[in-house]
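Printed here is upload-v1.txt (compact mmCIF, C-alpha atoms):
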# COMPACT_ATOMS: atom_id res chain seq x y z
CA MET A 16 46.67 165.39 87.03
CA ALA A 17 46.33 161.68 87.61
CA LYS A 18 46.85 160.44 91.14
CA ARG A 19 49.91 158.31 90.35
CA PRO A 20 51.95 161.08 88.63
CA ALA A 21 50.99 163.47 91.43
CA ALA A 22 52.27 160.99 94.02
CA LEU A 23 55.51 160.55 92.07
CA TYR A 24 56.08 164.32 91.91
CA LEU A 25 55.40 164.57 95.65
CA LEU A 26 57.94 161.82 96.37
CA ALA A 27 60.46 163.59 94.14
CA ALA A 28 59.98 166.83 96.08
CA LEU A 29 60.31 165.05 99.43
CA SER A 30 63.47 163.31 98.28
CA ALA A 31 65.00 166.61 97.12
CA ALA A 32 64.10 168.22 100.45
CA ALA A 33 65.68 165.33 102.35
CA GLY A 34 68.87 165.71 100.30
CA TRP A 35 68.95 169.43 100.99
CA LEU A 36 68.59 168.89 104.73
CA LEU A 37 70.93 165.88 104.99
CA PRO A 38 74.23 167.78 105.54
CA ARG A 39 72.61 169.85 108.27
CA ALA A 40 72.16 166.69 110.32
CA PHE A 41 75.96 166.40 110.50
CA GLN A 42 76.79 170.03 111.23
CA GLY A 43 79.37 170.41 113.97
CA LEU A 44 80.69 166.89 113.51
CA THR A 45 84.18 166.08 112.26
CA LEU A 46 83.77 163.53 109.50
CA SER A 47 86.47 161.40 107.93
CA PHE A 48 87.23 161.84 104.24
CA ALA A 49 85.41 158.59 103.45
CA LEU A 50 82.26 159.62 105.32
CA THR A 51 82.37 163.03 103.66
CA CYS A 52 82.44 161.36 100.24
CA LEU A 53 79.60 159.01 101.12
CA LEU A 54 77.53 161.86 102.54
CA ALA A 55 78.06 163.89 99.36
CA ALA A 56 77.00 160.93 97.22
CA ALA A 57 73.89 160.35 99.35
CA GLN A 58 72.96 164.02 99.04
CA GLU A 59 73.33 163.92 95.24
CA ALA A 60 71.21 160.78 95.03
CA LEU A 61 68.44 162.27 97.18
CA MET A 62 68.46 165.76 95.65
CA PHE A 63 68.85 164.85 91.99
CA GLY A 64 69.11 161.14 91.20
CA LEU A 65 65.96 159.76 92.80
CA PRO A 66 63.83 162.82 91.92
CA ALA A 67 64.95 162.51 88.29
CA LEU A 68 63.88 158.86 88.12
CA LEU A 69 60.53 159.64 89.76
CA MET A 70 59.91 162.59 87.46
CA LEU A 71 60.74 160.60 84.34
CA ARG A 72 58.43 157.80 85.49
CA ALA A 73 55.64 160.35 86.04
CA LEU A 74 56.24 161.99 82.66
CA ALA A 75 56.41 158.73 80.70
CA PRO A 76 54.86 155.88 82.75
CA GLY A 77 55.63 153.14 80.23
CA GLU A 78 59.23 154.15 79.56
CA GLN A 79 62.36 152.81 81.23
CA PRO A 80 64.31 155.97 82.20
CA LEU A 81 67.75 154.36 82.01
CA ARG A 82 67.22 153.48 78.37
CA ARG A 83 67.92 157.14 77.68
CA LEU A 84 71.58 156.70 78.54
CA GLY A 85 72.71 155.46 75.12
CA GLN A 86 75.82 153.50 74.20
CA PRO A 87 78.52 155.74 72.72
CA GLY A 88 81.38 154.09 70.87
CA PRO A 89 85.04 154.27 71.93
CA TYR A 90 85.86 157.23 69.66
CA LEU A 91 83.17 159.53 71.07
CA SER A 92 83.78 158.30 74.62
CA GLY A 93 87.49 159.04 74.41
CA LEU A 94 86.83 162.39 72.77
CA ALA A 95 84.38 163.38 75.51
CA MET A 96 86.84 162.48 78.27
CA LEU A 97 89.72 164.30 76.57
CA CYS A 98 87.49 167.35 76.13
CA ALA A 99 86.55 167.20 79.82
CA VAL A 100 90.20 167.06 80.96
CA SER A 101 91.06 170.11 78.88
CA TYR A 102 88.01 171.99 80.15
CA VAL A 103 89.27 171.76 83.73
CA LEU A 104 91.94 174.40 83.05
CA VAL A 105 89.67 176.40 80.76
CA GLY A 106 87.11 176.51 83.55
CA ALA A 107 89.77 177.46 86.07
CA LEU A 108 90.82 180.38 83.84
CA LEU A 109 87.22 181.56 83.46
CA GLY A 110 86.72 181.31 87.20
CA ALA A 111 89.90 183.27 87.94
CA LEU A 112 88.96 186.04 85.51
CA PHE A 113 85.44 186.29 86.91
CA TYR A 114 86.77 186.30 90.48
CA SER A 115 89.13 189.17 89.55
CA LEU A 116 86.19 191.07 88.04
CA LEU A 117 84.08 190.59 91.15
CA SER A 118 86.99 191.69 93.36
CA ALA A 119 87.45 194.83 91.24
CA LEU A 120 83.76 195.59 91.82
CA GLY A 121 84.23 195.29 95.57
CA LEU A 122 82.87 191.76 95.87
CA THR A 123 84.95 188.95 97.33
CA PRO A 124 82.96 185.72 97.04
CA ASP A 125 83.84 182.78 99.23
CA LEU A 126 85.46 179.92 97.37
CA PRO A 127 84.15 176.39 98.02
CA PRO A 128 86.52 174.17 100.01
CA ALA A 129 88.75 171.99 97.86
CA ILE A 130 88.22 168.24 98.04
CA THR A 131 91.73 166.88 98.46
CA PRO A 132 92.26 163.11 98.71
CA GLY A 133 95.20 162.18 100.88
CA SER A 134 95.90 158.75 99.38
CA LEU A 135 95.19 156.67 96.31
CA GLY A 136 92.43 154.88 98.21
CA GLU A 137 90.75 158.17 99.03
CA LEU A 138 91.18 159.28 95.41
CA ALA A 139 89.46 156.09 94.20
CA LEU A 140 86.59 156.54 96.66
CA ALA A 141 86.14 160.18 95.68
CA ALA A 142 86.21 159.24 92.00
CA LEU A 143 83.32 156.81 92.52
CA THR A 144 81.22 158.98 94.85
CA ILE A 145 81.91 162.67 94.28
CA GLY A 146 82.92 161.98 90.69
CA GLY A 147 80.68 159.20 89.43
CA VAL A 148 77.52 159.47 91.53
CA THR A 149 77.44 163.24 91.09
CA ALA A 150 77.86 163.00 87.33
CA PHE A 151 75.13 160.41 86.92
CA CYS A 152 72.57 162.06 89.21
CA GLU A 153 73.06 165.62 87.96
CA GLU A 154 73.02 164.68 84.28
CA LEU A 155 69.89 162.58 84.74
CA PHE A 156 68.17 165.47 86.49
CA PHE A 157 69.37 168.55 84.59
CA ARG A 158 69.70 167.05 81.10
CA ALA A 159 66.79 164.58 81.07
CA ALA A 160 64.08 164.94 83.72
CA LEU A 161 63.97 168.71 84.24
CA PRO A 162 64.09 169.63 80.51
CA ARG A 163 61.33 167.16 79.80
CA LEU A 164 59.18 168.59 82.57
CA LEU A 165 59.78 172.23 81.61
CA GLY A 166 59.33 171.39 77.94
CA ARG A 167 55.62 170.92 78.56
CA ARG A 168 55.28 174.68 79.14
CA LEU A 169 58.31 176.37 77.58
CA GLY A 170 60.09 176.45 74.25
CA HIS A 171 63.37 174.62 73.63
CA LYS A 172 65.69 177.62 74.06
CA ALA A 173 63.96 178.75 77.24
CA VAL A 174 64.19 175.24 78.68
CA ILE A 175 67.91 174.93 77.96
CA THR A 176 68.65 178.39 79.35
CA LEU A 177 66.64 177.83 82.52
CA CYS A 178 68.13 174.37 83.15
CA ALA A 179 71.67 175.68 82.64
CA LEU A 180 71.06 178.59 85.00
CA LEU A 181 69.60 176.32 87.68
CA PHE A 182 72.55 173.93 87.32
CA ALA A 183 75.03 176.78 87.81
CA ILE A 184 73.14 178.48 90.64
CA LEU A 185 72.52 175.29 92.65
CA HIS A 186 76.27 174.72 92.94
CA PHE A 187 76.39 177.84 95.17
CA ASN A 188 79.72 178.97 93.76
CA LEU A 189 79.52 182.59 92.62
CA ALA A 190 83.10 182.70 91.32
CA GLY A 191 82.52 179.55 89.31
CA LEU A 192 79.24 180.73 87.77
CA PRO A 193 80.58 181.30 84.19
CA THR A 194 82.44 177.97 84.27
CA LEU A 195 79.35 176.08 85.43
CA LEU A 196 77.06 177.86 83.00
CA LEU A 197 79.27 177.07 80.00
CA PHE A 198 79.61 173.51 81.28
CA ALA A 199 75.83 173.08 81.47
CA LEU A 200 75.25 174.55 78.00
CA LEU A 201 77.87 172.23 76.55
CA MET A 202 76.26 169.20 78.22
CA HIS A 203 72.87 170.13 76.79
CA ARG A 204 74.44 170.50 73.34
CA ILE A 205 76.11 167.10 73.60
CA VAL A 206 72.85 165.42 74.62
CA GLN A 207 70.97 167.18 71.84
CA ARG A 208 73.60 166.26 69.27
CA HIS A 209 74.03 162.60 70.17
CA GLY A 210 70.65 161.67 71.58
CA GLY A 211 71.77 159.97 74.82
CA LEU A 212 73.02 160.92 78.27
CA MET A 213 76.09 158.69 78.51
CA LEU A 214 78.50 161.05 76.75
CA ALA A 215 77.47 163.88 79.07
CA ILE A 216 77.88 161.57 82.08
CA LEU A 217 81.35 160.52 80.90
CA PHE A 218 82.33 164.14 80.34
CA HIS A 219 80.99 165.17 83.75
CA TRP A 220 82.69 162.28 85.53
CA MET A 221 86.06 162.88 83.86
CA TYR A 222 85.83 166.58 84.66
CA ASN A 223 85.22 165.83 88.34
CA PHE A 224 87.92 163.16 88.38
CA SER A 225 90.50 165.46 86.79
CA ILE A 226 89.91 168.08 89.48
CA LEU A 227 90.32 165.42 92.17
CA VAL A 228 93.59 164.25 90.61
CA MET A 229 94.92 167.81 90.46
CA ASN A 230 94.00 168.36 94.10
CA TYR A 231 95.60 165.06 95.08
CA ALA A 232 98.82 165.89 93.20
CA GLN A 233 98.69 169.51 94.45
CA THR A 234 99.71 170.81 91.05
CA THR A 235 99.40 174.40 89.84
CA PRO A 236 99.24 174.69 86.04
CA ASP A 237 101.23 177.45 84.36
CA LEU A 238 100.04 179.78 81.61
CA ARG A 239 101.48 177.61 78.86
CA MET A 240 99.53 174.59 80.06
CA ILE A 241 96.33 176.64 80.31
CA LEU A 242 96.74 177.94 76.75
CA LEU A 243 97.46 174.43 75.48
CA SER A 244 94.37 173.12 77.25
CA SER A 245 92.27 175.92 75.79
CA GLY A 246 93.31 174.98 72.26
CA LEU A 247 92.72 171.29 72.96
CA PHE A 248 89.28 172.04 74.38
CA VAL A 249 88.20 174.01 71.32
CA LEU A 250 89.42 171.24 69.00
CA THR A 251 87.88 168.33 70.91
CA ALA A 252 84.60 170.17 71.52
CA ARG A 253 84.23 170.86 67.79
CA LEU A 254 84.95 167.23 66.95
CA LEU A 255 82.61 166.00 69.66
CA LEU A 256 79.73 168.15 68.49
CA ARG A 257 80.31 167.10 64.90
CA GLY A 258 80.35 163.38 65.80
CA ASP A 259 78.03 160.73 64.45
CA ARG A 260 74.64 161.04 66.17
CA GLN A 261 73.80 157.41 65.62
CA GLU A 262 76.86 156.15 67.48
CA ALA A 263 75.49 157.44 70.79
CA ALA A 264 71.79 157.01 70.17
CA PRO A 265 69.88 155.44 73.07
CA ARG A 266 68.73 151.88 72.72
CA GLY A 267 65.14 151.24 71.80
CA PRO A 268 62.67 149.41 74.00
Any chance you could put this one into structure tokens?
Amino acid sequence: MAKRPAALYLLAALSAAAGWLLPRAFQGLTLSFALTCLLAAAQEALMFGLPALLMLRALAPGEQPLRRLGQPGPYLSGLAMLCAVSYVLVGALLGALFYSLLSALGLTPDLPPAITPGSLGELALAALTIGGVTAFCEELFFRAALPRLLGRRLGHKAVITLCALLFAILHFNLAGLPTLLLFALLMHRIVQRHGGLMLAILFHWMYNFSILVMNYAQTTPDLRMILLSSGLFVLTARLLLRGDRQEAAPRGP
């Protein structure tokens, strides 16, 4: 391995380690909502965003990594965001069913603490940090850098499966494992179908934002809303995956 790629991989590993250790530096401290959001964004950038950029630079030295984002048109962008909103309740249903199954087996997994903005200002900050930064960094890592790295050794199906599993596992949410796994597989399919990352980033961001809005409004959807969302998700996902590949293709150099 050339010295420069080796150095880039080392920096990526150090950055990921720093992101992993960052929250431990604040253990025992009571942080404001704003500082919690900023800390979460910094952790995402260190664990996934910066390592992804370094890995892509090592894998393709002459390529600009952000050119892989693409420029989806308004139809596909709107469709992706609508699909993401509907998936929030679908994912909640999957999580509830899996939690019930685990409980029936004698397992009671801890649920992650809900992120609940207390004002519109906090909602906006969370949307930019926990919503936007997370979506960008995780999609760049799990749908671009990591598949490209693993693709040097593994076949396409093995790469997608492994990346999806790692995405789900690294969220450390046992009850949400099926929801996260389906989410990851759908993101990989969107990227494969349309050739750029931006649709997946939009989907991911809108999904995060919708959860934040629900937490802020403290709403509990009923069965009718869940069933309606399930139907809407199936419809929009089919349309999204049948969309025009060229509309979201990444720009050339």
Around all the atoms of region 85-94 of chain A listed in the file, with 6 Å of room on each side, what axis-aligned box do you get, giving centre and edge lengths in Å to one decimal, as AutoDock Vina command-line options?
--center_x 80.1 --center_y 157.9 --center_z 72.4 --size_x 26.8 --size_y 20.9 --size_z 17.5
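Restricting the calculation to only C-alpha atoms, the smallest distance between His209 (chain A) and any of A:Leu84, A:Ala31, A:Leu69, A:Val228 is found for A:Leu84.
With all atoms listed in the file as the atoms that count, the residue of A:Val105, A:Leu126, A:Leu53, A:Val174 with the shortest distance to Thr194 (chain A) is A:Val105.
Shortest separation to His203 (chain A) among A:Arg158, A:His171, A:Arg19, A:His186 occurs at residue A:Arg158, atoms counted being only C-alpha atoms.
Nearest-residue note for Gly110 (chain A): choosing from A:Leu243, A:Leu227, A:Leu189, A:Val249, the minimum distance belongs to A:Leu189, counting all atoms listed in the file.
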Which residue, A:Gly246, A:Pro128, A:Pro20, A:Gly210, has the smallest gap to Leu71 (chain A) when you use all atoms listed in the file? A:Pro20
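In this structure, CA of Leu116 (chain A) sits 11.9 Å away from CA of Pro193 (chain A).
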Any idea what's packed within 12 Å of region 42-47 of chain A, counting all atoms listed in the file, ignoring anything in its chain fewer than 6 positions away? Could you give it as a list in words?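 Residues meeting the cut-off are Leu36, Leu53, Leu54, Ala55, Pro132, Gly133 and Glu137 of chain A.
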Kindly indicate which residue among A:Phe41, A:Tyr231, A:Tyr24, A:Phe248 lies nearest to Ala141 (chain A), using only C-alpha atoms for the distances. A:Tyr231
Distance of CA of Ala179 (chain A) from CA of Ala129 (chain A), expressed in Å to one decimal place: 23.2 Å
